[in-house]
$ cat work39.txt   # compact mmCIF, N, CA and C atoms
# COMPACT_ATOMS: atom_id res chain seq x y z
N MET A 915 4.87 3.75 -16.99
CA MET A 915 3.48 3.92 -16.60
C MET A 915 3.28 5.21 -15.81
N SER A 916 3.76 6.28 -16.35
CA SER A 916 3.70 7.56 -15.63
C SER A 916 2.28 8.03 -15.37
N GLY A 917 1.29 7.51 -16.10
CA GLY A 917 -0.10 7.88 -15.86
C GLY A 917 -0.57 7.51 -14.46
N TRP A 918 0.12 6.56 -13.83
CA TRP A 918 -0.24 6.14 -12.48
C TRP A 918 0.12 7.19 -11.43
N GLN A 919 1.01 8.09 -11.77
CA GLN A 919 1.45 9.09 -10.79
C GLN A 919 0.30 9.96 -10.29
N GLN A 920 -0.67 10.21 -11.15
CA GLN A 920 -1.82 11.03 -10.73
C GLN A 920 -2.58 10.40 -9.57
N TYR A 921 -2.61 9.08 -9.52
CA TYR A 921 -3.31 8.40 -8.42
C TYR A 921 -2.53 8.53 -7.11
N VAL A 922 -1.22 8.44 -7.19
CA VAL A 922 -0.39 8.66 -6.00
C VAL A 922 -0.53 10.10 -5.53
N ASP A 923 -0.50 11.04 -6.47
CA ASP A 923 -0.65 12.45 -6.11
C ASP A 923 -2.00 12.70 -5.45
N ASN A 924 -3.04 12.02 -5.95
CA ASN A 924 -4.36 12.16 -5.36
C ASN A 924 -4.39 11.64 -3.93
N LEU A 925 -3.72 10.53 -3.67
CA LEU A 925 -3.65 10.01 -2.30
C LEU A 925 -3.00 11.03 -1.36
N MET A 926 -1.98 11.71 -1.84
CA MET A 926 -1.21 12.63 -1.00
C MET A 926 -1.96 13.92 -0.70
N LYS A 927 -2.89 14.30 -1.55
CA LYS A 927 -3.56 15.59 -1.37
C LYS A 927 -4.38 15.67 -0.08
N TRP A 928 -4.71 14.52 0.51
CA TRP A 928 -5.52 14.51 1.73
C TRP A 928 -4.71 14.88 2.97
N GLY A 929 -3.40 14.84 2.87
CA GLY A 929 -2.55 15.26 3.98
C GLY A 929 -2.43 14.28 5.14
N VAL A 930 -2.81 13.03 4.92
CA VAL A 930 -2.73 12.04 6.00
C VAL A 930 -1.63 11.00 5.77
N LEU A 931 -1.02 11.02 4.60
CA LEU A 931 0.04 10.07 4.28
C LEU A 931 1.39 10.77 4.25
N ALA A 932 2.41 10.07 4.73
CA ALA A 932 3.77 10.58 4.63
C ALA A 932 4.33 10.30 3.25
N SER A 933 3.97 9.15 2.66
CA SER A 933 4.39 8.77 1.32
C SER A 933 3.46 7.67 0.82
N ALA A 934 3.53 7.41 -0.49
CA ALA A 934 2.64 6.40 -1.06
C ALA A 934 3.24 5.86 -2.35
N ALA A 935 2.73 4.69 -2.76
CA ALA A 935 3.16 4.08 -4.01
C ALA A 935 2.06 3.16 -4.54
N LEU A 936 2.12 2.93 -5.85
CA LEU A 936 1.29 1.92 -6.51
C LEU A 936 2.24 0.89 -7.11
N LEU A 937 1.96 -0.38 -6.81
CA LEU A 937 2.80 -1.47 -7.30
C LEU A 937 1.94 -2.45 -8.09
N ASP A 938 2.56 -3.16 -9.00
CA ASP A 938 1.89 -4.24 -9.71
C ASP A 938 1.67 -5.37 -8.71
N ASN A 939 0.45 -5.92 -8.65
CA ASN A 939 0.17 -6.92 -7.61
C ASN A 939 0.67 -8.32 -7.97
N THR A 940 1.22 -8.50 -9.16
CA THR A 940 1.75 -9.81 -9.50
C THR A 940 3.25 -9.92 -9.28
N ASN A 941 3.97 -8.81 -9.50
CA ASN A 941 5.43 -8.88 -9.39
C ASN A 941 6.04 -7.78 -8.53
N GLY A 942 5.22 -6.87 -8.04
CA GLY A 942 5.71 -5.83 -7.15
C GLY A 942 6.44 -4.69 -7.82
N VAL A 943 6.43 -4.64 -9.15
CA VAL A 943 7.08 -3.53 -9.84
C VAL A 943 6.36 -2.23 -9.46
N VAL A 944 7.14 -1.22 -9.12
CA VAL A 944 6.57 0.07 -8.72
C VAL A 944 6.10 0.80 -9.98
N TRP A 945 4.82 1.15 -10.01
CA TRP A 945 4.25 1.90 -11.12
C TRP A 945 4.42 3.40 -10.91
N ALA A 946 4.23 3.84 -9.66
CA ALA A 946 4.35 5.26 -9.33
C ALA A 946 4.57 5.38 -7.83
N GLN A 947 5.23 6.46 -7.41
CA GLN A 947 5.49 6.66 -5.98
C GLN A 947 5.82 8.12 -5.72
N THR A 948 5.72 8.47 -4.44
CA THR A 948 6.19 9.79 -4.04
C THR A 948 7.72 9.76 -4.00
N ALA A 949 8.31 10.93 -4.08
CA ALA A 949 9.78 11.02 -4.11
C ALA A 949 10.41 10.42 -2.86
N ASP A 950 9.72 10.52 -1.72
CA ASP A 950 10.30 10.06 -0.46
C ASP A 950 9.81 8.67 -0.04
N PHE A 951 9.15 7.95 -0.95
CA PHE A 951 8.72 6.59 -0.61
C PHE A 951 9.95 5.72 -0.44
N PRO A 952 9.95 4.85 0.58
CA PRO A 952 11.13 3.99 0.80
C PRO A 952 11.45 3.13 -0.41
N VAL A 953 12.71 2.87 -0.63
CA VAL A 953 13.13 1.96 -1.70
C VAL A 953 12.68 0.55 -1.32
N VAL A 954 11.90 -0.06 -2.19
CA VAL A 954 11.39 -1.40 -1.95
C VAL A 954 12.18 -2.36 -2.86
N ARG A 955 12.92 -3.25 -2.23
CA ARG A 955 13.70 -4.23 -2.98
C ARG A 955 12.77 -5.31 -3.55
N PRO A 956 13.19 -5.97 -4.63
CA PRO A 956 12.31 -6.95 -5.29
C PRO A 956 11.74 -8.01 -4.34
N HIS A 957 12.55 -8.55 -3.41
CA HIS A 957 12.01 -9.57 -2.51
C HIS A 957 10.98 -8.99 -1.55
N GLU A 958 11.13 -7.72 -1.17
CA GLU A 958 10.12 -7.08 -0.31
C GLU A 958 8.82 -6.88 -1.08
N ALA A 959 8.94 -6.46 -2.34
CA ALA A 959 7.75 -6.26 -3.16
C ALA A 959 7.01 -7.58 -3.35
N ALA A 960 7.75 -8.65 -3.58
CA ALA A 960 7.13 -9.97 -3.74
C ALA A 960 6.41 -10.38 -2.46
N THR A 961 7.02 -10.10 -1.32
CA THR A 961 6.38 -10.42 -0.03
C THR A 961 5.13 -9.59 0.17
N LEU A 962 5.19 -8.30 -0.17
CA LEU A 962 3.98 -7.46 -0.07
C LEU A 962 2.84 -8.08 -0.87
N ALA A 963 3.14 -8.56 -2.07
CA ALA A 963 2.12 -9.18 -2.91
C ALA A 963 1.59 -10.47 -2.30
N ARG A 964 2.48 -11.29 -1.72
CA ARG A 964 2.07 -12.57 -1.12
C ARG A 964 1.26 -12.39 0.16
N ASN A 965 1.43 -11.25 0.83
CA ASN A 965 0.72 -11.02 2.10
C ASN A 965 -0.79 -11.19 1.96
N PHE A 966 -1.34 -10.89 0.79
CA PHE A 966 -2.79 -10.94 0.60
C PHE A 966 -3.29 -12.37 0.44
N SER A 967 -2.51 -13.22 -0.18
CA SER A 967 -2.94 -14.61 -0.38
C SER A 967 -2.60 -15.49 0.82
N ASN A 968 -1.69 -15.02 1.67
CA ASN A 968 -1.30 -15.79 2.84
C ASN A 968 -1.13 -14.83 4.03
N PRO A 969 -2.25 -14.46 4.68
CA PRO A 969 -2.18 -13.48 5.77
C PRO A 969 -1.29 -13.88 6.95
N SER A 970 -0.93 -15.16 7.05
CA SER A 970 -0.04 -15.54 8.14
C SER A 970 1.36 -14.97 7.96
N ILE A 971 1.74 -14.63 6.72
CA ILE A 971 3.07 -14.05 6.49
C ILE A 971 3.23 -12.74 7.26
N PRO A 972 2.35 -11.74 7.04
CA PRO A 972 2.53 -10.50 7.81
C PRO A 972 2.22 -10.67 9.29
N GLN A 973 1.27 -11.57 9.62
CA GLN A 973 0.95 -11.78 11.02
C GLN A 973 2.13 -12.35 11.79
N ASP A 974 2.88 -13.24 11.15
CA ASP A 974 4.04 -13.87 11.80
C ASP A 974 5.31 -13.03 11.71
N ASN A 975 5.51 -12.36 10.59
CA ASN A 975 6.78 -11.70 10.31
C ASN A 975 6.73 -10.18 10.29
N GLY A 976 5.54 -9.61 10.38
CA GLY A 976 5.42 -8.17 10.26
C GLY A 976 5.42 -7.75 8.79
N ILE A 977 5.45 -6.45 8.58
CA ILE A 977 5.39 -5.89 7.23
C ILE A 977 6.63 -5.04 7.04
N GLY A 978 7.33 -5.29 5.96
CA GLY A 978 8.53 -4.50 5.64
C GLY A 978 8.31 -3.65 4.42
N VAL A 979 8.59 -2.37 4.56
CA VAL A 979 8.55 -1.44 3.43
C VAL A 979 9.86 -0.68 3.47
N GLY A 980 10.78 -1.06 2.60
CA GLY A 980 12.12 -0.48 2.65
C GLY A 980 12.76 -0.83 3.98
N GLU A 981 13.31 0.15 4.64
CA GLU A 981 13.97 -0.07 5.94
C GLU A 981 12.97 -0.04 7.10
N GLN A 982 11.72 0.27 6.82
CA GLN A 982 10.72 0.39 7.88
C GLN A 982 10.06 -0.97 8.14
N ARG A 983 9.83 -1.26 9.42
CA ARG A 983 9.16 -2.48 9.84
C ARG A 983 7.90 -2.12 10.60
N PHE A 984 6.85 -2.88 10.38
CA PHE A 984 5.56 -2.64 11.01
C PHE A 984 5.01 -3.93 11.59
N VAL A 985 4.33 -3.84 12.71
CA VAL A 985 3.63 -4.96 13.31
C VAL A 985 2.27 -5.06 12.63
N CYS A 986 1.92 -6.24 12.18
CA CYS A 986 0.65 -6.44 11.49
C CYS A 986 -0.51 -6.34 12.49
N ILE A 987 -1.50 -5.52 12.15
CA ILE A 987 -2.70 -5.41 12.99
C ILE A 987 -3.96 -5.88 12.27
N LYS A 988 -3.85 -6.08 10.93
CA LYS A 988 -4.97 -6.61 10.14
C LYS A 988 -4.40 -7.22 8.88
N ALA A 989 -4.89 -8.39 8.51
CA ALA A 989 -4.45 -9.01 7.27
C ALA A 989 -5.56 -9.89 6.71
N ASP A 990 -5.97 -9.62 5.49
CA ASP A 990 -6.92 -10.47 4.78
C ASP A 990 -6.61 -10.38 3.29
N GLU A 991 -7.48 -10.95 2.46
CA GLU A 991 -7.20 -11.00 1.02
C GLU A 991 -7.25 -9.65 0.33
N ARG A 992 -7.77 -8.63 0.99
CA ARG A 992 -7.85 -7.28 0.40
C ARG A 992 -6.89 -6.29 1.04
N SER A 993 -6.79 -6.30 2.37
CA SER A 993 -6.06 -5.25 3.08
C SER A 993 -5.10 -5.83 4.11
N VAL A 994 -3.95 -5.18 4.22
CA VAL A 994 -2.97 -5.52 5.25
C VAL A 994 -2.55 -4.21 5.89
N TYR A 995 -2.76 -4.10 7.21
CA TYR A 995 -2.42 -2.88 7.94
C TYR A 995 -1.32 -3.20 8.94
N GLY A 996 -0.45 -2.22 9.17
CA GLY A 996 0.59 -2.38 10.16
C GLY A 996 0.81 -1.10 10.93
N LYS A 997 1.43 -1.24 12.11
CA LYS A 997 1.73 -0.06 12.92
C LYS A 997 3.15 -0.16 13.45
N SER A 998 3.68 1.01 13.77
CA SER A 998 4.99 1.09 14.42
C SER A 998 4.90 2.22 15.44
N THR A 999 5.97 2.46 16.15
CA THR A 999 5.94 3.54 17.14
C THR A 999 5.81 4.90 16.47
N ASN A 1000 6.22 5.02 15.21
CA ASN A 1000 6.19 6.30 14.51
C ASN A 1000 5.05 6.46 13.52
N GLY A 1001 4.18 5.48 13.39
CA GLY A 1001 3.11 5.59 12.41
C GLY A 1001 2.61 4.23 12.00
N GLY A 1002 2.39 4.08 10.71
CA GLY A 1002 1.87 2.81 10.24
C GLY A 1002 1.91 2.71 8.73
N VAL A 1003 1.35 1.61 8.23
CA VAL A 1003 1.27 1.37 6.80
C VAL A 1003 -0.08 0.74 6.50
N ILE A 1004 -0.65 1.15 5.37
CA ILE A 1004 -1.89 0.58 4.88
C ILE A 1004 -1.59 0.06 3.49
N THR A 1005 -1.82 -1.23 3.24
CA THR A 1005 -1.66 -1.78 1.90
C THR A 1005 -2.99 -2.41 1.50
N VAL A 1006 -3.41 -2.11 0.27
CA VAL A 1006 -4.68 -2.62 -0.22
C VAL A 1006 -4.47 -3.16 -1.64
N LYS A 1007 -5.00 -4.34 -1.89
CA LYS A 1007 -4.87 -4.98 -3.19
C LYS A 1007 -6.12 -4.74 -4.03
N THR A 1008 -5.90 -4.38 -5.28
CA THR A 1008 -6.99 -4.29 -6.24
C THR A 1008 -6.81 -5.43 -7.24
N LYS A 1009 -7.54 -5.41 -8.34
CA LYS A 1009 -7.41 -6.47 -9.34
C LYS A 1009 -6.01 -6.55 -9.92
N ARG A 1010 -5.34 -5.38 -10.07
CA ARG A 1010 -4.02 -5.37 -10.71
C ARG A 1010 -2.95 -4.63 -9.93
N ALA A 1011 -3.32 -3.97 -8.86
CA ALA A 1011 -2.36 -3.11 -8.16
C ALA A 1011 -2.35 -3.37 -6.67
N ILE A 1012 -1.29 -2.89 -6.03
CA ILE A 1012 -1.22 -2.80 -4.58
C ILE A 1012 -0.97 -1.33 -4.27
N ILE A 1013 -1.83 -0.77 -3.47
CA ILE A 1013 -1.66 0.61 -3.01
C ILE A 1013 -0.98 0.54 -1.66
N VAL A 1014 0.11 1.28 -1.50
CA VAL A 1014 0.84 1.31 -0.23
C VAL A 1014 0.85 2.75 0.26
N GLY A 1015 0.32 2.96 1.45
CA GLY A 1015 0.34 4.28 2.06
C GLY A 1015 1.06 4.23 3.40
N ILE A 1016 2.06 5.06 3.56
CA ILE A 1016 2.76 5.19 4.84
C ILE A 1016 2.07 6.29 5.62
N VAL A 1017 1.60 5.97 6.81
CA VAL A 1017 0.84 6.90 7.63
C VAL A 1017 1.74 8.03 8.12
N ALA A 1018 1.28 9.25 7.95
CA ALA A 1018 2.01 10.40 8.46
C ALA A 1018 1.92 10.42 9.98
N SER A 1019 3.01 10.79 10.64
CA SER A 1019 3.07 10.82 12.09
C SER A 1019 1.96 11.71 12.65
N GLY A 1020 1.25 11.17 13.65
CA GLY A 1020 0.21 11.93 14.32
C GLY A 1020 -1.14 11.93 13.61
N LYS A 1021 -1.26 11.28 12.49
CA LYS A 1021 -2.53 11.24 11.76
C LYS A 1021 -3.34 10.04 12.21
N PRO A 1022 -4.66 10.19 12.30
CA PRO A 1022 -5.50 9.08 12.75
C PRO A 1022 -5.53 7.94 11.73
N PRO A 1023 -5.18 6.73 12.16
CA PRO A 1023 -5.13 5.60 11.23
C PRO A 1023 -6.43 5.37 10.48
N GLY A 1024 -7.56 5.62 11.11
CA GLY A 1024 -8.84 5.42 10.44
C GLY A 1024 -9.00 6.31 9.23
N SER A 1025 -8.56 7.55 9.33
CA SER A 1025 -8.63 8.47 8.20
C SER A 1025 -7.73 8.02 7.07
N VAL A 1026 -6.56 7.54 7.42
CA VAL A 1026 -5.62 7.06 6.41
C VAL A 1026 -6.19 5.83 5.71
N ALA A 1027 -6.72 4.91 6.48
CA ALA A 1027 -7.30 3.69 5.89
C ALA A 1027 -8.42 4.05 4.93
N LYS A 1028 -9.25 5.00 5.28
CA LYS A 1028 -10.35 5.40 4.41
C LYS A 1028 -9.83 5.94 3.08
N VAL A 1029 -8.81 6.78 3.12
CA VAL A 1029 -8.25 7.35 1.89
C VAL A 1029 -7.73 6.24 0.97
N VAL A 1030 -6.96 5.31 1.54
CA VAL A 1030 -6.36 4.24 0.74
C VAL A 1030 -7.43 3.25 0.26
N GLU A 1031 -8.34 2.88 1.13
CA GLU A 1031 -9.41 1.95 0.75
C GLU A 1031 -10.32 2.56 -0.32
N ASP A 1032 -10.62 3.86 -0.20
CA ASP A 1032 -11.44 4.52 -1.22
C ASP A 1032 -10.75 4.54 -2.58
N MET A 1033 -9.43 4.77 -2.58
CA MET A 1033 -8.70 4.73 -3.84
C MET A 1033 -8.75 3.33 -4.44
N ALA A 1034 -8.63 2.32 -3.59
CA ALA A 1034 -8.72 0.94 -4.08
C ALA A 1034 -10.09 0.68 -4.70
N ASP A 1035 -11.15 1.12 -4.04
CA ASP A 1035 -12.50 0.94 -4.59
C ASP A 1035 -12.61 1.60 -5.96
N TYR A 1036 -12.04 2.81 -6.08
CA TYR A 1036 -12.09 3.53 -7.35
C TYR A 1036 -11.35 2.75 -8.45
N LEU A 1037 -10.14 2.29 -8.15
CA LEU A 1037 -9.38 1.54 -9.15
C LEU A 1037 -10.10 0.25 -9.55
N ILE A 1038 -10.69 -0.43 -8.56
CA ILE A 1038 -11.45 -1.65 -8.85
C ILE A 1038 -12.62 -1.33 -9.79
N SER A 1039 -13.29 -0.20 -9.55
CA SER A 1039 -14.42 0.19 -10.40
C SER A 1039 -13.99 0.45 -11.84
N LEU A 1040 -12.70 0.79 -12.03
CA LEU A 1040 -12.16 1.01 -13.39
C LEU A 1040 -11.58 -0.28 -14.00
N GLY A 1041 -11.65 -1.37 -13.25
CA GLY A 1041 -11.13 -2.63 -13.76
C GLY A 1041 -9.69 -2.90 -13.38
N TYR A 1042 -9.13 -2.07 -12.52
CA TYR A 1042 -7.77 -2.25 -12.04
C TYR A 1042 -7.78 -2.75 -10.63
$ encode --input "work39.txt" --output "structure tokens"
Amino acid sequence: MSGWQQYVDNLMKWGVLASAALLDNTNGVVWAQTADFPVVRPHEAATLARNFSNPSIPQDNGIGVGEQRFVCIKADERSVYGKSTNGGVITVKTKRAIIVGIVASGKPPGSVAKVVEDMADYLISLGY
């Protein structure tokens, strides 16, 4: 699904993300990612997908993306946000995808959330 790479590249052009990926929201298979996106193991991808249907998972256990751990600061059926001492993570679910954006150090979380949420709105408008 290399056509998905253009969406990841578009996320990165704003300069507020350190890395990003698009995953299938049913099984967590990575569709596209930046070269430096953390390796997400299958059980982590499955947990990322479950976070939207059961917000208590990230609220109780935090959010794991590869070796990085984040404290959950928001979780609902659409968006799960996390923070760490070095940045944060924004995950947003669309009809078929999960967009994962790792916040670049020193970037305002609100700007990052807007970029990722706007991409989600666009994909939803296309039926994804």
$ atom_distance --input "work39.txt" --atom1 "CA of Thr1008 (chain A)" --atom2 "CA of Asp1035 (chain A)"
7.8 Å
$ atom_distance --input "work39.txt" --atom1 "CA of Leu962 (chain A)" --atom2 "CA of Gly942 (chain A)"
7.5 Å
$ atom_distance --input "work39.txt" --atom1 "atom C of Lys927 (chain A)" --atom2 "atom N of Leu1040 (chain A)"
20.8 Å
$ select_by_dssp --input "work39.txt" --residues "chain A" --states "strand (DSSP E or B)" --output "ChimeraX atom specification"
/A:931-938,944-947,977-979,982-989,993-998,1001-1007,1011-1017
$ closest_residue --input "work39.txt" --among "A:Lys988, A:Gly917, A:Asp1032, A:Gly1041" --to "Pro969 (chain A)" --atoms "only N, CA and C atoms"
A:Lys988
$ select_by_dssp --input "work39.txt" --residues "region 921-1035 of chain A" --states "alpha helix (DSSP H)" --output "JSON, numbers by chain"
{"A": [921, 922, 923, 924, 925, 926, 956, 957, 958, 959, 960, 961, 962, 963, 964, 965, 966, 967, 970, 971, 972, 973, 974, 975, 1023, 1024, 1025, 1026, 1027, 1028, 1029, 1030, 1031, 1032, 1033, 1034, 1035]}
$ residues_around --input "work39.txt" --residues "Leu936 (chain A)" --least-positions-apart "6" --cutoff "10 Å" --atoms "only C-alpha atoms" --output "list in words"
Trp918, Gln919, Tyr921, Val922, Gly942, Val943, Val944, Trp945, Ala946, Gln947, Thr948, Thr1005, Val1006, Lys1007, Arg1010, Ala1011, Ile1012, Ile1013, Val1014 and Gly1015 of chain A
$ residues_around --input "work39.txt" --residues "Gly976 (chain A)" --least-positions-apart "6" --cutoff "8 Å" --atoms "only N, CA and C atoms" --output "list in words"
Ser970, Arg983, Phe984, Val985, Cys986, Ile987 and Gly996 of chain A
$ residues_near_point --input "work39.txt" --point "(6.6, 5.0, 11.7)" --cutoff "7 Å" --atoms "only N, CA and C atoms" --output "PyMOL selection string"
chain A and resi 997-1002+1017+1019
$ closest_residue --input "work39.txt" --among "A:Gln982, A:Asn968, A:Pro952, A:Val930" --to "Lys1021 (chain A)" --atoms "all atoms listed in the file"
A:Val930
$ closest_residue --input "work39.txt" --among "A:Gln973, A:Gln920, A:Ser933, A:Ser993" --to "Ala949 (chain A)" --atoms "only N, CA and C atoms"
A:Ser933
$ residues_near_point --input "work39.txt" --point "(-5.8, 2.9, 9.5)" --cutoff "8 Å" --atoms "only C-alpha atoms" --output "list in words"
Tyr995, Gly1002, Val1003, Ile1004, Val1017, Pro1022, Pro1023, Gly1024, Ser1025, Val1026, Ala1027 and Lys1028 of chain A
$ axis_aligned_box --input "work39.txt" --around "region 990-1000 of chain A" --padding-each-side "6 Å" --output "JSON"
{"center_x": -0.8, "center_y": -2.3, "center_z": 8.7, "size_x": 26.1, "size_y": 29.5, "size_z": 28.8}
$ decode --input "work39.txt" --residues "region 918-928 of chain A" --atoms "all heavy atoms" --output "mmCIF file, in the first residue's frame"
data_model
loop_
_atom_site.group_PDB
_atom_site.id
_atom_site.type_symbol
_atom_site.label_atom_id
_atom_site.label_comp_id
_atom_site.auth_asym_id
_atom_site.auth_seq_id
_atom_site.Cartn_x
_atom_site.Cartn_y
_atom_site.Cartn_z
ATOM 1 N N TRP A 918 -0.144 5.075 0.455
ATOM 2 C CA TRP A 918 -0.380 5.712 1.750
ATOM 3 C C TRP A 918 0.797 6.587 2.181
ATOM 4 O O TRP A 918 0.638 7.461 3.030
ATOM 5 C CB TRP A 918 -0.675 4.656 2.813
ATOM 6 C CG TRP A 918 -1.987 3.982 2.587
ATOM 7 C CD1 TRP A 918 -2.188 2.721 2.126
ATOM 8 C CD2 TRP A 918 -3.283 4.536 2.795
ATOM 9 N NE1 TRP A 918 -3.531 2.451 2.040
ATOM 10 C CE2 TRP A 918 -4.230 3.553 2.448
ATOM 11 C CE3 TRP A 918 -3.749 5.772 3.241
ATOM 12 C CZ2 TRP A 918 -5.595 3.765 2.526
ATOM 13 C CZ3 TRP A 918 -5.118 5.986 3.334
ATOM 14 C CH2 TRP A 918 -6.020 4.990 2.979
ATOM 15 N N GLN A 919 1.956 6.366 1.605
ATOM 16 C CA GLN A 919 3.137 7.124 2.020
ATOM 17 C C GLN A 919 2.956 8.625 1.810
ATOM 18 O O GLN A 919 3.456 9.431 2.585
ATOM 19 C CB GLN A 919 4.386 6.633 1.272
ATOM 20 C CG GLN A 919 5.677 7.196 1.835
ATOM 21 C CD GLN A 919 5.928 6.803 3.281
ATOM 22 O OE1 GLN A 919 5.740 5.654 3.658
ATOM 23 N NE2 GLN A 919 6.344 7.751 4.101
ATOM 24 N N GLN A 920 2.217 9.006 0.785
ATOM 25 C CA GLN A 920 1.997 10.435 0.528
ATOM 26 C C GLN A 920 1.291 11.121 1.694
ATOM 27 O O GLN A 920 1.536 12.293 1.977
ATOM 28 C CB GLN A 920 1.220 10.629 -0.762
ATOM 29 C CG GLN A 920 -0.222 10.128 -0.703
ATOM 30 C CD GLN A 920 -0.951 10.265 -2.012
ATOM 31 O OE1 GLN A 920 -0.693 11.180 -2.785
ATOM 32 N NE2 GLN A 920 -1.884 9.362 -2.268
ATOM 33 N N TYR A 921 0.433 10.389 2.394
ATOM 34 C CA TYR A 921 -0.268 10.975 3.536
ATOM 35 C C TYR A 921 0.680 11.171 4.724
ATOM 36 O O TYR A 921 0.613 12.188 5.428
ATOM 37 C CB TYR A 921 -1.473 10.116 3.931
ATOM 38 C CG TYR A 921 -2.499 10.050 2.832
ATOM 39 C CD1 TYR A 921 -2.590 8.933 2.021
ATOM 40 C CD2 TYR A 921 -3.347 11.116 2.578
ATOM 41 C CE1 TYR A 921 -3.517 8.879 0.985
ATOM 42 C CE2 TYR A 921 -4.275 11.074 1.554
ATOM 43 C CZ TYR A 921 -4.361 9.953 0.762
ATOM 44 O OH TYR A 921 -5.267 9.902 -0.257
ATOM 45 N N VAL A 922 1.565 10.218 4.927
ATOM 46 C CA VAL A 922 2.578 10.366 5.983
ATOM 47 C C VAL A 922 3.503 11.527 5.638
ATOM 48 O O VAL A 922 3.814 12.360 6.491
ATOM 49 C CB VAL A 922 3.368 9.052 6.170
ATOM 50 C CG1 VAL A 922 4.557 9.259 7.091
ATOM 51 C CG2 VAL A 922 2.454 7.964 6.723
ATOM 52 N N ASP A 923 3.924 11.602 4.385
ATOM 53 C CA ASP A 923 4.800 12.701 3.958
ATOM 54 C C ASP A 923 4.117 14.050 4.157
ATOM 55 O O ASP A 923 4.750 15.026 4.574
ATOM 56 C CB ASP A 923 5.205 12.525 2.491
ATOM 57 C CG ASP A 923 6.061 11.290 2.256
ATOM 58 O OD1 ASP A 923 6.598 10.725 3.236
ATOM 59 O OD2 ASP A 923 6.176 10.876 1.081
ATOM 60 N N ASN A 924 2.808 14.093 3.889
ATOM 61 C CA ASN A 924 2.058 15.331 4.087
ATOM 62 C C ASN A 924 2.022 15.727 5.559
ATOM 63 O O ASN A 924 2.150 16.908 5.897
ATOM 64 C CB ASN A 924 0.642 15.170 3.527
ATOM 65 C CG ASN A 924 -0.123 16.466 3.519
ATOM 66 O OD1 ASN A 924 -0.508 16.965 4.575
ATOM 67 N ND2 ASN A 924 -0.335 17.007 2.342
ATOM 68 N N LEU A 925 1.857 14.763 6.445
ATOM 69 C CA LEU A 925 1.888 15.060 7.879
ATOM 70 C C LEU A 925 3.225 15.683 8.287
ATOM 71 O O LEU A 925 3.274 16.613 9.089
ATOM 72 C CB LEU A 925 1.672 13.779 8.695
ATOM 73 C CG LEU A 925 0.269 13.215 8.767
ATOM 74 C CD1 LEU A 925 0.296 11.819 9.353
ATOM 75 C CD2 LEU A 925 -0.644 14.121 9.579
ATOM 76 N N MET A 926 4.301 15.173 7.719
ATOM 77 C CA MET A 926 5.639 15.609 8.114
ATOM 78 C C MET A 926 5.987 16.998 7.596
ATOM 79 O O MET A 926 6.825 17.684 8.169
ATOM 80 C CB MET A 926 6.680 14.593 7.637
ATOM 81 C CG MET A 926 6.536 13.216 8.271
ATOM 82 S SD MET A 926 6.528 13.234 10.081
ATOM 83 C CE MET A 926 8.217 13.776 10.395
ATOM 84 N N LYS A 927 5.357 17.422 6.523
ATOM 85 C CA LYS A 927 5.736 18.706 5.913
ATOM 86 C C LYS A 927 5.474 19.906 6.826
ATOM 87 O O LYS A 927 6.044 20.968 6.633
ATOM 88 C CB LYS A 927 5.041 18.895 4.566
ATOM 89 C CG LYS A 927 3.602 19.325 4.662
ATOM 90 C CD LYS A 927 3.017 19.583 3.299
ATOM 91 C CE LYS A 927 1.613 20.146 3.446
ATOM 92 N NZ LYS A 927 1.010 20.412 2.162
ATOM 93 N N TRP A 928 4.630 19.732 7.838
ATOM 94 C CA TRP A 928 4.302 20.837 8.741
ATOM 95 C C TRP A 928 5.406 21.116 9.757
ATOM 96 O O TRP A 928 5.400 22.148 10.410
ATOM 97 C CB TRP A 928 2.975 20.555 9.452
ATOM 98 C CG TRP A 928 1.852 20.462 8.472
ATOM 99 C CD1 TRP A 928 1.282 19.315 7.981
ATOM 100 C CD2 TRP A 928 1.195 21.540 7.815
ATOM 101 N NE1 TRP A 928 0.318 19.626 7.065
ATOM 102 C CE2 TRP A 928 0.229 20.980 6.943
ATOM 103 C CE3 TRP A 928 1.319 22.927 7.875
ATOM 104 C CZ2 TRP A 928 -0.599 21.771 6.147
ATOM 105 C CZ3 TRP A 928 0.489 23.704 7.084
ATOM 106 C CH2 TRP A 928 -0.446 23.129 6.236
#
